[in-house]
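> Below you will find the structure I want to go over with you.
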Amino acid sequence: MEQDDPAEELTELRERPLGALALLQVAAGSGLAAYAVWALLLQPGFRRVPLRLQVPYVGASARQVEHVLSLLRGRPGKMVDLGSGDGRIVLAAHKCGLRPAVGYELNPWLVGLAWLHAWRAGCAGSVCYRRENLWKVSLRDCHNVSVFLAPSVLPLLEDKLQAELPAGARVVSGRFPLPTWQPVAVVGEGLDRVWAYDVHRGGLAGQVAPAPTSASVPGSPNSQSG
């Protein structure tokens, strides 16, 4: 009795078209894998936050990080990243001289990943990642703020920033602009675009000044970039 060649059987299986049941099984497996990622990495941080304030994690690209730093580099004072994810912006900010650099992130898995990146970069003792709800963090001593949040929560964020930030602070928002504030600088294109806002003391703490007509912006190398 001849034995079947395993190689020939594998080739036959690869060439055989998938039936409806097989396709359904593949789809179910993919969905289960996606849910596992959600349950382990993303959902833990959402359980303690009201639905309207939840923001899904999407890591900043290298170009986005570069643009944020171009608008903050050389500025004095504490730098914070609200919703810091895996910590890449905080780590890059520390490396370019923005110190202290602090990240606030509620998801414990992402906080752990941020510490791992900092340890691998030799900066674990220099940067700071805190597992805290960004909506409950006081910003009264923060002079440089970066945010990559969903547009649905930006109106509420404006209220918090205006109420808490000191005069002279700068806010850099990535992917989406703050809805009612006037930017003093815009860098990048498309999803890599970031907007800078300067806070001034003008009657109310955190009041934002109108956008300047000059092309140069103090504290950044260029106000407009393609």
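The chains in the structure tokens are called A, B, ... from first to last as shown; in each chain the residues are counted from 1, and the ligands are counted from 1 in the order shown.
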Where in segment 36-192 of chain A does DSSP assign strand (DSSP E or B), given as number ranges by chain?

A: 78-82, 101-104, 128-130, 142-147, 170-174, 185-187

> Give one line per residue of segment 70-92 of chain A that approaches segment 103-114 of chain A to at most 12 Å, naming the two atoms of the closest pair and their distance in Å to one decimal, counting only C-alpha atoms; sort by chain then ascending residue number and deliver it as CSV.


```
residue,atom,partner,partner_atom,distance
A:Lys78,CA,A:Gly103,CA,11.0
A:Met79,CA,A:Gly103,CA,8.6
A:Val80,CA,A:Gly103,CA,5.6
A:Asp81,CA,A:Gly103,CA,4.8
A:Leu82,CA,A:Tyr104,CA,5.3
A:Gly83,CA,A:Glu105,CA,4.8
A:Ser84,CA,A:Gly103,CA,5.0
A:Gly85,CA,A:Leu110,CA,5.4
A:Asp86,CA,A:Ala114,CA,4.4
A:Gly87,CA,A:Ala114,CA,4.5
A:Arg88,CA,A:Ala114,CA,7.2
A:Ile89,CA,A:Gly103,CA,8.4
A:Val90,CA,A:Gly103,CA,6.1
A:Leu91,CA,A:Ala114,CA,8.5
A:Ala92,CA,A:Gly103,CA,11.6
```

> Output as a PyMOL selection string all residues of segment 55-186 of chain A that backbone DSSP marks as alpha helix (DSSP H).

chain A and resi 62-72+88-95+108-120+154-164

> Using only C-alpha atoms, tabulate the residues of segment 81-198 of chain A lying at most 8 Å from any atom of segment 57-72 of chain A, each with its closest atom pair and that distance in Å to one decimal, by chain and increasing residue number, as CSV.


```
residue,atom,partner,partner_atom,distance
A:Gly85,CA,A:Tyr57,CA,6.6
A:Asp86,CA,A:Gly59,CA,7.3
A:Arg88,CA,A:Ala60,CA,7.7
A:Ile89,CA,A:Val65,CA,6.0
A:Ala92,CA,A:Val65,CA,7.6
A:Ala93,CA,A:Leu69,CA,6.6
A:Cys96,CA,A:Leu69,CA,7.8
A:Leu98,CA,A:Leu72,CA,7.9
A:Asn144,CA,A:Leu72,CA,7.0
A:Ser146,CA,A:Val68,CA,7.4
A:Phe148,CA,A:Ala60,CA,7.7
A:Arg170,CA,A:Leu72,CA,7.8
A:Val172,CA,A:Val68,CA,6.5
A:Gly174,CA,A:Gln64,CA,7.2
A:Ala185,CA,A:Leu71,CA,7.9
A:Val187,CA,A:His67,CA,6.3
A:Gly188,CA,A:His67,CA,7.0
A:Asp192,CA,A:Gln64,CA,5.1
A:Arg193,CA,A:Gln64,CA,7.0
A:Val194,CA,A:His67,CA,6.7
A:Ala196,CA,A:Leu71,CA,6.9
```

> What is the distance between atom CA of Pro183 of chain A and atom CA of Asn133 of chain A, in Å to one decimal?

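Between these atoms lies a distance of 26.0 Å.
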
> Just the number, please: distance in Å from atom CA of His200 of chain A to atom CA of Leu149 of chain A, one decimal.

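These two atoms are separated by 22.9 Å.
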